[in-house]
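**Q** Got a structure for you, input_23.tsv, holding TSV, C-alpha atoms and all ligand atoms.
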chain	number	residue	atom	x	y	z
A	150	MET	CA	-44.06	-26.09	77.04
A	151	ARG	CA	-45.66	-23.04	75.48
A	152	PRO	CA	-44.10	-19.60	75.33
A	153	PRO	CA	-45.58	-16.81	77.44
A	154	PRO	CA	-47.89	-14.45	75.50
A	155	PHE	CA	-46.22	-11.77	73.38
A	156	ALA	CA	-47.09	-9.23	70.72
A	157	TYR	CA	-45.52	-9.76	67.30
A	158	ALA	CA	-44.26	-7.50	64.52
A	159	ASP	CA	-43.00	-8.49	61.08
A	160	PRO	CA	-41.24	-5.41	59.66
A	161	ARG	CA	-39.60	-5.28	56.20
A	162	GLN	CA	-37.07	-2.50	56.73
A	163	CYS	CA	-34.26	-1.92	59.21
A	164	HIS	CA	-35.60	1.50	60.21
A	165	GLU	CA	-38.93	-0.11	61.17
A	166	VAL	CA	-37.11	-2.65	63.33
A	167	LEU	CA	-35.13	0.11	65.01
A	168	ALA	CA	-38.25	2.20	65.65
A	169	LEU	CA	-39.88	-0.79	67.40
A	170	LEU	CA	-36.75	-1.43	69.48
A	171	ALA	CA	-36.60	2.25	70.44
A	172	GLN	CA	-40.27	2.11	71.46
A	173	TYR	CA	-40.24	-1.14	73.46
A	174	GLY	CA	-36.60	-1.26	74.69
A	175	ASP	CA	-35.87	-4.13	77.08
A	176	ASP	CA	-39.35	-5.56	76.58
A	177	ALA	CA	-38.64	-6.35	72.89
A	178	LYS	CA	-36.62	-9.24	71.47
A	179	ILE	CA	-35.37	-9.75	67.94
A	180	LEU	CA	-36.49	-13.04	66.37
A	181	ALA	CA	-33.99	-14.34	63.79
A	182	GLY	CA	-33.80	-18.12	63.17
A	183	GLY	CA	-35.46	-18.81	66.52
A	184	GLN	CA	-33.17	-21.77	67.24
A	185	SER	CA	-32.03	-20.35	70.58
A	186	LEU	CA	-34.78	-17.84	71.34
A	187	LEU	CA	-37.76	-20.17	70.95
A	188	PRO	CA	-36.41	-22.80	73.36
A	189	MET	CA	-35.73	-19.96	75.82
A	190	LEU	CA	-39.31	-18.73	75.46
A	191	ASN	CA	-40.73	-22.23	75.81
A	192	PHE	CA	-38.72	-22.83	78.98
A	193	ARG	CA	-39.77	-19.37	80.22
A	194	LEU	CA	-36.13	-18.31	80.46
A	195	ALA	CA	-37.04	-15.21	78.42
A	196	ARG	CA	-40.35	-13.32	78.70
A	197	PRO	CA	-40.32	-10.51	76.15
A	198	GLY	CA	-43.59	-8.66	75.70
A	199	TYR	CA	-42.78	-7.99	72.04
A	200	LEU	CA	-41.12	-10.12	69.35
A	201	VAL	CA	-39.67	-8.27	66.36
A	202	ASP	CA	-39.26	-10.78	63.55
A	203	ILE	CA	-36.42	-9.80	61.16
A	204	ASN	CA	-36.85	-12.72	58.75
A	205	HIS	CA	-38.28	-10.46	56.04
A	206	VAL	CA	-35.75	-7.65	56.28
A	207	ASP	CA	-33.93	-8.35	53.01
A	208	GLU	CA	-31.17	-5.85	53.72
A	209	LEU	CA	-29.85	-8.15	56.46
A	210	ASP	CA	-29.44	-11.18	54.23
A	211	GLY	CA	-26.49	-12.10	52.04
A	212	ILE	CA	-22.73	-12.42	51.64
A	213	ARG	CA	-20.88	-9.62	49.87
A	214	PRO	CA	-17.18	-9.12	49.09
A	215	LEU	CA	-15.69	-5.90	50.50
A	216	GLY	CA	-13.42	-5.43	47.49
A	217	ASP	CA	-10.02	-6.87	48.41
A	218	ALA	CA	-10.59	-6.24	52.11
A	219	GLY	CA	-12.75	-9.22	53.06
A	220	LEU	CA	-16.37	-10.29	53.29
A	221	SER	CA	-19.49	-8.78	54.77
A	222	ILE	CA	-22.05	-11.34	55.95
A	223	GLY	CA	-25.52	-10.00	56.76
A	224	ALA	CA	-26.91	-10.90	60.17
A	225	MET	CA	-29.88	-12.84	58.73
A	226	THR	CA	-27.70	-15.07	56.54
A	227	ARG	CA	-28.49	-18.67	57.46
A	228	HIS	CA	-25.72	-20.96	58.68
A	229	ARG	CA	-26.41	-23.29	55.76
A	230	THR	CA	-26.00	-20.47	53.23
A	231	VAL	CA	-22.61	-19.61	54.75
A	232	GLU	CA	-21.63	-23.27	54.78
A	233	GLN	CA	-22.47	-23.67	51.07
A	234	SER	CA	-20.99	-20.36	49.91
A	235	ALA	CA	-18.12	-20.72	47.43
A	236	LEU	CA	-17.02	-17.20	48.36
A	237	VAL	CA	-16.71	-18.11	52.05
A	238	ARG	CA	-14.92	-21.36	51.22
A	239	GLU	CA	-12.40	-19.48	49.08
A	240	ARG	CA	-11.90	-16.35	51.21
A	241	CYS	CA	-12.40	-17.76	54.72
A	242	PRO	CA	-12.01	-21.56	54.89
A	243	LEU	CA	-11.90	-21.29	58.70
A	244	LEU	CA	-15.53	-20.18	58.78
A	245	HIS	CA	-16.51	-22.83	56.24
A	246	GLU	CA	-14.94	-25.53	58.40
A	247	ALA	CA	-16.26	-24.28	61.74
A	248	ILE	CA	-19.86	-23.69	60.72
A	249	GLN	CA	-20.31	-27.36	59.91
A	250	HIS	CA	-20.02	-28.02	63.66
A	251	VAL	CA	-23.00	-25.80	64.49
A	252	GLY	CA	-25.82	-28.09	65.62
A	253	HIS	CA	-27.45	-30.31	63.02
A	254	LEU	CA	-28.45	-29.66	59.42
A	255	GLN	CA	-32.03	-28.71	60.36
A	256	ILE	CA	-30.73	-26.13	62.85
A	257	ARG	CA	-28.30	-24.71	60.31
A	258	HIS	CA	-31.11	-24.29	57.79
A	259	ARG	CA	-32.94	-21.91	60.16
A	260	GLY	CA	-30.22	-20.50	62.43
A	261	THR	CA	-28.44	-17.32	61.35
A	262	ILE	CA	-24.92	-16.00	61.73
A	263	GLY	CA	-26.25	-12.86	63.43
A	264	GLY	CA	-28.33	-14.93	65.85
A	265	SER	CA	-25.32	-17.02	66.85
A	266	LEU	CA	-23.15	-13.95	67.41
A	267	ALA	CA	-25.85	-11.96	69.25
A	268	HIS	CA	-26.81	-14.95	71.40
A	269	ALA	CA	-23.14	-15.32	72.49
A	270	ASP	CA	-23.31	-18.82	73.89
A	271	PRO	CA	-19.82	-19.46	75.35
A	272	ALA	CA	-19.73	-22.87	73.64
A	273	ALA	CA	-20.85	-21.61	70.21
A	274	GLU	CA	-18.36	-21.93	67.40
A	275	LEU	CA	-18.85	-18.65	65.54
A	276	PRO	CA	-17.95	-16.21	68.34
A	277	GLY	CA	-14.57	-17.95	68.62
A	278	VAL	CA	-14.06	-17.91	64.86
A	279	VAL	CA	-14.74	-14.18	64.47
A	280	THR	CA	-12.46	-13.45	67.45
A	281	ALA	CA	-9.56	-15.38	65.91
A	282	LEU	CA	-10.12	-13.68	62.55
A	283	GLY	CA	-10.18	-10.18	64.03
A	284	ALA	CA	-13.62	-9.53	62.54
A	285	THR	CA	-15.77	-6.44	63.08
A	286	LEU	CA	-19.46	-6.32	64.01
A	287	ARG	CA	-21.71	-3.66	62.48
A	288	ILE	CA	-24.42	-2.54	64.89
A	289	ARG	CA	-27.19	-0.03	64.13
A	290	GLY	CA	-29.49	2.03	66.35
A	291	VAL	CA	-31.92	4.87	65.59
A	292	LYS	CA	-29.07	7.36	66.05
A	293	GLY	CA	-26.76	5.64	63.57
A	294	GLU	CA	-24.30	2.86	63.07
A	295	ARG	CA	-21.16	1.83	64.96
A	296	THR	CA	-18.60	-0.93	64.59
A	297	VAL	CA	-17.22	-3.08	67.37
A	298	ARG	CA	-14.22	-5.38	67.15
A	299	ALA	CA	-15.00	-9.02	67.91
A	300	SER	CA	-12.51	-8.94	70.79
A	301	GLU	CA	-14.69	-6.27	72.46
A	302	PHE	CA	-18.11	-7.52	71.37
A	303	PHE	CA	-18.54	-10.59	73.61
A	304	LEU	CA	-18.89	-9.45	77.22
A	305	GLY	CA	-19.96	-12.64	79.00
A	306	PRO	CA	-22.40	-15.57	78.76
A	307	LEU	CA	-25.29	-14.49	76.47
A	308	THR	CA	-24.11	-10.88	76.75
A	309	THR	CA	-22.69	-8.68	74.00
A	310	ALA	CA	-22.05	-5.02	73.24
A	311	ILE	CA	-25.44	-4.75	71.44
A	312	ARG	CA	-27.75	-2.43	73.39
A	313	ALA	CA	-31.49	-3.13	73.82
A	314	ASP	CA	-32.38	-0.58	71.11
A	315	GLU	CA	-29.78	-1.81	68.59
A	316	LEU	CA	-29.66	-4.38	65.83
A	317	LEU	CA	-26.69	-6.40	64.63
A	318	ILE	CA	-26.50	-5.68	60.90
A	319	ALA	CA	-23.53	-7.69	59.65
A	320	VAL	CA	-20.18	-9.18	60.49
A	321	GLU	CA	-17.18	-8.03	58.45
A	322	ILE	CA	-14.45	-10.61	58.06
A	323	PRO	CA	-11.04	-9.33	56.94
A	324	ASP	CA	-9.02	-11.16	54.33
A	325	TRP	CA	-5.89	-12.79	55.67
A	326	PRO	CA	-2.70	-13.01	53.56
A	327	VAL	CA	-2.87	-15.37	50.58
A	328	GLY	CA	-1.69	-18.83	51.65
A	329	THR	CA	-2.72	-18.48	55.31
A	330	GLY	CA	-3.39	-21.90	56.85
A	331	MET	CA	-6.58	-22.05	58.90
A	332	ALA	CA	-8.06	-24.76	61.09
A	333	PHE	CA	-10.97	-25.26	63.47
A	334	CYS	CA	-10.93	-28.22	65.88
A	335	GLU	CA	-13.43	-29.05	68.57
A	336	PHE	CA	-14.24	-31.86	70.94
A	337	SER	CA	-17.89	-32.70	71.59
A	338	ARG	CA	-19.52	-35.87	72.77
A	339	ARG	CA	-21.56	-36.34	69.59
A	340	GLN	CA	-21.59	-34.65	66.20
A	341	GLY	CA	-23.82	-31.57	66.51
A	342	ASP	CA	-23.52	-31.22	70.29
A	343	PHE	CA	-22.14	-28.01	71.75
A	344	ALA	CA	-18.36	-28.34	72.13
A	345	LEU	CA	-16.64	-29.12	75.42
A	346	SER	CA	-13.76	-27.15	73.98
A	347	GLY	CA	-12.64	-25.90	70.59
A	348	ALA	CA	-9.92	-23.83	68.92
A	349	ALA	CA	-9.73	-21.67	65.79
A	350	ALA	CA	-6.20	-21.06	64.50
A	351	LEU	CA	-4.63	-19.12	61.61
A	352	VAL	CA	-0.98	-19.10	60.55
A	353	ALA	CA	0.61	-17.16	57.67
A	354	LEU	CA	4.26	-17.70	56.76
A	355	ASP	CA	6.69	-15.30	55.10
A	356	VAL	CA	8.92	-16.24	52.14
A	357	ASN	CA	11.54	-17.61	54.54
A	358	GLY	CA	9.03	-19.91	56.16
A	359	ASN	CA	8.82	-17.94	59.40
A	360	VAL	CA	5.49	-17.11	61.00
A	361	ALA	CA	4.45	-13.68	59.71
A	362	ARG	CA	0.98	-13.49	61.23
A	363	CYS	CA	-1.15	-15.75	63.39
A	364	GLY	CA	-4.49	-15.86	65.20
A	365	LEU	CA	-6.07	-18.01	67.88
A	366	ALA	CA	-9.30	-18.18	69.87
A	367	LEU	CA	-10.95	-20.84	71.99
A	368	ILE	CA	-14.55	-21.63	72.85
A	369	ALA	CA	-16.26	-23.27	75.84
A	370	VAL	CA	-13.50	-22.39	78.30
A	371	GLY	CA	-15.11	-19.42	80.07
A	372	GLY	CA	-17.99	-17.00	79.79
A	373	ARG	CA	-16.91	-15.66	76.41
A	374	PRO	CA	-14.50	-16.66	73.64
A	375	PHE	CA	-10.92	-16.78	74.86
A	376	ASP	CA	-8.85	-14.40	72.76
A	377	GLY	CA	-5.48	-16.08	72.30
A	378	ASN	CA	-4.20	-13.64	69.69
A	379	VAL	CA	-1.67	-12.02	72.00
A	380	ILE	CA	-0.29	-15.36	73.22
A	381	VAL	CA	0.09	-16.83	69.78
A	382	THR	CA	1.67	-13.70	68.32
A	383	ASP	CA	4.05	-13.44	71.26
A	384	LEU	CA	5.26	-17.03	70.95
A	385	LEU	CA	5.11	-17.68	67.21
A	386	LYS	CA	5.72	-14.48	65.25
A	387	GLY	CA	9.08	-14.55	63.47
A	388	GLU	CA	9.68	-18.20	64.45
A	389	LYS	CA	10.03	-21.29	62.28
A	390	PRO	CA	6.95	-23.46	62.83
A	391	ALA	CA	7.77	-26.39	65.13
A	392	GLU	CA	5.81	-28.73	67.33
A	393	ALA	CA	7.55	-27.48	70.48
A	394	LEU	CA	6.04	-24.07	69.78
A	395	TRP	CA	2.47	-25.41	69.60
A	396	ARG	CA	3.08	-27.08	72.94
A	397	ALA	CA	4.35	-23.81	74.42
A	398	VAL	CA	1.28	-21.95	73.14
A	399	ALA	CA	-0.98	-24.72	74.47
A	400	GLU	CA	0.65	-24.49	77.92
A	401	ARG	CA	0.15	-20.72	78.04
A	402	VAL	CA	-3.48	-21.14	76.95
A	403	GLY	CA	-3.98	-23.79	79.65
A	404	GLN	CA	-2.70	-21.38	82.29
A	405	ALA	CA	-4.80	-18.46	81.06
A	406	VAL	CA	-8.26	-19.94	80.42
A	407	GLU	CA	-10.86	-19.95	83.20
A	408	PRO	CA	-13.31	-22.74	82.38
A	409	ASN	CA	-16.27	-23.55	84.61
A	410	THR	CA	-17.41	-26.90	85.91
A	411	ASP	CA	-20.92	-27.72	84.72
A	412	ILE	CA	-23.08	-30.77	84.03
A	413	HIS	CA	-21.17	-31.43	80.80
A	414	ALA	CA	-17.57	-31.44	82.05
A	415	PRO	CA	-15.36	-30.46	84.98
A	416	ALA	CA	-13.19	-27.36	84.60
A	417	ASP	CA	-9.91	-29.32	84.62
A	418	TYR	CA	-11.08	-31.51	81.78
A	419	ARG	CA	-12.03	-28.46	79.71
A	420	ARG	CA	-8.62	-26.94	80.45
A	421	HIS	CA	-6.93	-30.13	79.27
A	422	LEU	CA	-9.05	-30.16	76.11
A	423	ALA	CA	-8.24	-26.49	75.46
A	424	LYS	CA	-4.54	-27.35	75.37
A	425	VAL	CA	-5.07	-30.35	73.09
A	426	MET	CA	-7.34	-28.40	70.72
A	427	THR	CA	-4.89	-25.47	70.58
A	428	ALA	CA	-1.92	-27.63	69.62
A	429	LYS	CA	-3.98	-29.61	67.13
A	430	ALA	CA	-5.50	-26.57	65.40
A	431	LEU	CA	-2.12	-24.82	65.13
A	432	ALA	CA	-0.43	-27.94	63.70
A	433	ILE	CA	-3.18	-28.36	61.08
A	434	ALA	CA	-3.13	-24.65	60.20
A	435	VAL	CA	0.62	-24.83	59.54
A	436	ARG	CA	0.18	-27.93	57.38
A	437	ARG	CA	-2.34	-25.96	55.33
A	438	THR	CA	-0.13	-22.93	54.69
A	439	ALA	CA	0.56	-22.47	51.02
A	440	THR	CA	3.96	-20.75	51.21
A	441	LYS	CA	6.70	-22.80	49.59
A	442	LEU	CA	9.43	-23.59	52.14
B	501	LIG	P1	-32.52	-16.56	67.56
B	501	LIG	O1	-32.73	-17.82	68.27
B	501	LIG	O2	-33.64	-16.06	66.70
B	501	LIG	O3	-31.98	-15.42	68.46
B	501	LIG	C1	-30.97	-15.66	69.42
B	501	LIG	C2	-30.72	-14.38	70.23
B	501	LIG	O4	-30.05	-13.41	69.43
B	501	LIG	C3	-32.01	-13.69	70.71
B	501	LIG	O5	-31.76	-13.08	71.95
B	501	LIG	C4	-32.27	-12.64	69.65
B	501	LIG	O6	-33.02	-11.56	70.16
B	501	LIG	C5	-30.84	-12.21	69.31
B	501	LIG	N1	-30.66	-11.77	67.92
B	501	LIG	C6	-30.80	-12.53	66.81
B	501	LIG	N2	-30.48	-11.81	65.71
B	501	LIG	C7	-30.14	-10.57	66.14
B	501	LIG	C8	-29.69	-9.38	65.49
B	501	LIG	N3	-29.52	-9.32	64.15
B	501	LIG	N4	-29.43	-8.31	66.24
B	501	LIG	C9	-29.57	-8.33	67.60
B	501	LIG	N5	-29.97	-9.43	68.27
B	501	LIG	C10	-30.25	-10.53	67.55
B	501	LIG	N6	-25.16	-23.24	68.13
B	501	LIG	C11	-23.83	-23.39	68.04
B	501	LIG	O7	-23.12	-22.40	67.87
B	501	LIG	N7	-23.25	-24.62	68.12
B	501	LIG	C12	-23.98	-25.76	68.31
B	501	LIG	O8	-23.41	-26.85	68.38
B	501	LIG	C13	-25.39	-25.63	68.44
B	501	LIG	N8	-26.17	-26.68	68.65
B	501	LIG	C14	-27.52	-26.51	68.76
B	501	LIG	C15	-28.32	-27.62	68.99
B	501	LIG	C16	-29.67	-27.48	69.13
B	501	LIG	C17	-30.52	-28.70	69.40
B	501	LIG	C18	-30.28	-26.19	68.98
B	501	LIG	C19	-31.78	-26.02	69.08
B	501	LIG	C20	-29.51	-25.07	68.75
B	501	LIG	C21	-28.12	-25.21	68.64
B	501	LIG	N9	-27.29	-24.13	68.43
B	501	LIG	C22	-25.94	-24.31	68.32
B	501	LIG	C23	-27.86	-22.75	68.35
B	501	LIG	C24	-28.03	-22.33	66.89
B	501	LIG	O9	-26.80	-22.13	66.29
B	501	LIG	C25	-28.80	-21.01	66.79
B	501	LIG	O10	-29.15	-20.89	65.47
B	501	LIG	C26	-28.09	-19.73	67.17
B	501	LIG	O11	-27.57	-19.77	68.45
B	501	LIG	C27	-29.04	-18.56	67.20
B	501	LIG	O12	-29.33	-18.16	65.91
B	501	LIG	P2	-30.82	-17.86	65.50
B	501	LIG	O13	-30.75	-17.20	64.17
B	501	LIG	O14	-31.64	-19.07	65.61
B	501	LIG	O15	-31.21	-16.74	66.57
Let me see the structure of the file written as structure tokens.
Ligand code: FAD
**A**
Amino acid sequence: MRPPPFAYADPRQCHEVLALLAQYGDDAKILAGGQSLLPMLNFRLARPGYLVDINHVDELDGIRPLGDAGLSIGAMTRHRTVEQSALVRERCPLLHEAIQHVGHLQIRHRGTIGGSLAHADPAAELPGVVTALGATLRIRGVKGERTVRASEFFLGPLTTAIRADELLIAVEIPDWPVGTGMAFCEFSRRQGDFALSGAAALVALDVNGNVARCGLALIAVGGRPFDGNVIVTDLLKGEKPAEALWRAVAERVGQAVEPNTDIHAPADYRRHLAKVMTAKALAIAVRRTATKL
């Protein structure tokens, strides 16, 4: 299949991108790694009149520490760059682990973190990861910049808080306490396939070995990442880690998620997997905590 005809622009600066978006509005589409957009064009699921290629906007590329506060990852940073970053591995092992599940190596060489987040596929790994981490998305339009919390960024399947005349600039990932255990688990039919369900979990213990802080999000169990942060905090905070607690969290998650039946799996099966992935990710995260008990 060939894409429908479109005009093409290859700007070098963010303000040029924003001017084009302001001019063409809904008729324009950003082209990042093209790993989701090009198949959509070829299948005629998207018919933009104008493609704005951001591959040469250097400002959008790269991973930078935000002092002691966390990391800023530019929207055009390739999955493979994130995967191989020593900084990401050290400061956010959850992201390092999860990104290895994104498609295959060839896809990760082209695909970008901003593309994955802006595309907002309900089964994609990174939207769930940034939700569990409590990350912030930096979005820019001609009138200025705003930040949106991950929990408010994903609105539904392939729908986010980015407006037609805005550009995702970067994702800011906060540091978690030293010694936080993190884990990402997913179930997919084959390595590289989109997940049938997956969970991202974080657990930090205090000096007494009680849970001081925790995070949880699930993917592929509804139209957007399932934010389990309230459930996990409610059930775990202040408690000694124990298997019965993971089961309790998993049960609550199973009751709360609203998966759909589709050609890949029935809703009940996804619900079952969500519970299994939740308990597994939490158990591994606790095993990885570095606090001496
Ligand atoms: P593009 O395809 O270029 O863009 C995607 C969408 O985001 C477009 O609507 C575009 O306009 C918009 N966009 C991109 N960047 C910005 C920005 N900075 N600001 C505003 N809007 C923007 N993904 C997974 O998560 N898990 C998988 O298991 C997985 N498997 C895959 C398997 C195959 C065979 C393929 C082809 C893809 C797979 N993907 C998977 C998708 C892959 O991760 C894509 O790279 C990603 O979804 C989109 O990133 P991209 O940079 O290619 O974005």
**Q** Write out as a ChimeraX atom specification the residues lying within 8 Å of Ile203 (chain A), counting only C-alpha atoms and excluding same-chain residues fewer than 5 positions away.
**A** /A:159-161,166,179-181,225
**Q** Write to file, as a PDB file, in the frame of the given file, the residues of the selection just made, with C-alpha atoms.
**A**
ATOM      1  CA  ASP A 159     -43.000  -8.490  61.080  1.00  0.00           C
ATOM      2  CA  PRO A 160     -41.240  -5.410  59.660  1.00  0.00           C
ATOM      3  CA  ARG A 161     -39.600  -5.280  56.200  1.00  0.00           C
ATOM      4  CA  VAL A 166     -37.110  -2.650  63.330  1.00  0.00           C
ATOM      5  CA  ILE A 179     -35.370  -9.750  67.940  1.00  0.00           C
ATOM      6  CA  LEU A 180     -36.490 -13.040  66.370  1.00  0.00           C
ATOM      7  CA  ALA A 181     -33.990 -14.340  63.790  1.00  0.00           C
ATOM      8  CA  MET A 225     -29.880 -12.840  58.730  1.00  0.00           C
TER       9      MET A 225
END
**Q** Do a neighbour search on region 300-311 of chain A at 12 Å with only C-alpha atoms, toss out local chain neighbours closer than 5 positions, and write the hits as number ranges by chain.
**A** A: 170, 175, 179, 185-186, 189, 195, 263-273, 275-290, 294-295, 316-318, 320, 364-366, 368-379, 409
**Q** Which residues are near region 346-352 of chain A? Cut-off 7 Å, all atoms listed in the file, ignore same chain within fewer than 5 positions. Put them as a PDB file with C-alpha atoms, in the frame of the given file.
**A**
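out36.pdb was written with the following content:
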ATOM      1  CA  GLY A 277     -14.570 -17.950  68.620  1.00  0.00           C
ATOM      2  CA  VAL A 278     -14.060 -17.910  64.860  1.00  0.00           C
ATOM      3  CA  ALA A 281      -9.560 -15.380  65.910  1.00  0.00           C
ATOM      4  CA  THR A 329      -2.720 -18.480  55.310  1.00  0.00           C
ATOM      5  CA  GLY A 330      -3.390 -21.900  56.850  1.00  0.00           C
ATOM      6  CA  MET A 331      -6.580 -22.050  58.900  1.00  0.00           C
ATOM      7  CA  ALA A 332      -8.060 -24.760  61.090  1.00  0.00           C
ATOM      8  CA  PHE A 333     -10.970 -25.260  63.470  1.00  0.00           C
ATOM      9  CA  CYS A 334     -10.930 -28.220  65.880  1.00  0.00           C
ATOM     10  CA  GLU A 335     -13.430 -29.050  68.570  1.00  0.00           C
ATOM     11  CA  PHE A 336     -14.240 -31.860  70.940  1.00  0.00           C
ATOM     12  CA  VAL A 360       5.490 -17.110  61.000  1.00  0.00           C
ATOM     13  CA  ARG A 362       0.980 -13.490  61.230  1.00  0.00           C
ATOM     14  CA  CYS A 363      -1.150 -15.750  63.390  1.00  0.00           C
ATOM     15  CA  GLY A 364      -4.490 -15.860  65.200  1.00  0.00           C
ATOM     16  CA  LEU A 365      -6.070 -18.010  67.880  1.00  0.00           C
ATOM     17  CA  ALA A 366      -9.300 -18.180  69.870  1.00  0.00           C
ATOM     18  CA  LEU A 367     -10.950 -20.840  71.990  1.00  0.00           C
ATOM     19  CA  ILE A 368     -14.550 -21.630  72.850  1.00  0.00           C
ATOM     20  CA  ALA A 369     -16.260 -23.270  75.840  1.00  0.00           C
ATOM     21  CA  VAL A 370     -13.500 -22.390  78.300  1.00  0.00           C
ATOM     22  CA  ARG A 419     -12.030 -28.460  79.710  1.00  0.00           C
ATOM     23  CA  LEU A 422      -9.050 -30.160  76.110  1.00  0.00           C
ATOM     24  CA  ALA A 423      -8.240 -26.490  75.460  1.00  0.00           C
ATOM     25  CA  MET A 426      -7.340 -28.400  70.720  1.00  0.00           C
ATOM     26  CA  THR A 427      -4.890 -25.470  70.580  1.00  0.00           C
ATOM     27  CA  ALA A 430      -5.500 -26.570  65.400  1.00  0.00           C
ATOM     28  CA  LEU A 431      -2.120 -24.820  65.130  1.00  0.00           C
ATOM     29  CA  ALA A 434      -3.130 -24.650  60.200  1.00  0.00           C
ATOM     30  CA  VAL A 435       0.620 -24.830  59.540  1.00  0.00           C
TER      31      VAL A 435
END
**Q** Out of A:Val251, A:Leu215, A:Leu169, A:Ala156, which residue has the shortest atom-to-atom distance to His228 (chain A) when counting all atoms listed in the file?
**A** A:Val251
**Q** Which residues come within 8 Å of region 233-240 of chain A, counting all atoms listed in the file, excluding same-chain residues fewer than 3 positions away, as an MDAnalysis selection string?
**A** chainID A and resid 219:220 229:230 244:245 324
**Q** Keeping C-alpha atoms for every residue in the selection just given, could you write it to a file as an mmCIF file, in the frame of the given file?
**A**
data_model
loop_
_atom_site.group_PDB
_atom_site.id
_atom_site.type_symbol
_atom_site.label_atom_id
_atom_site.label_comp_id
_atom_site.auth_asym_id
_atom_site.auth_seq_id
_atom_site.Cartn_x
_atom_site.Cartn_y
_atom_site.Cartn_z
ATOM 1 C CA GLY A 219 -12.750 -9.220 53.060
ATOM 2 C CA LEU A 220 -16.370 -10.290 53.290
ATOM 3 C CA ARG A 229 -26.410 -23.290 55.760
ATOM 4 C CA THR A 230 -26.000 -20.470 53.230
ATOM 5 C CA LEU A 244 -15.530 -20.180 58.780
ATOM 6 C CA HIS A 245 -16.510 -22.830 56.240
ATOM 7 C CA ASP A 324 -9.020 -11.160 54.330
#
**Q** Using CA of Gly358 (chain A) and CA of Thr382 (chain A) as the two end points, give the distance in Å to one decimal.
**A** 15.5 Å
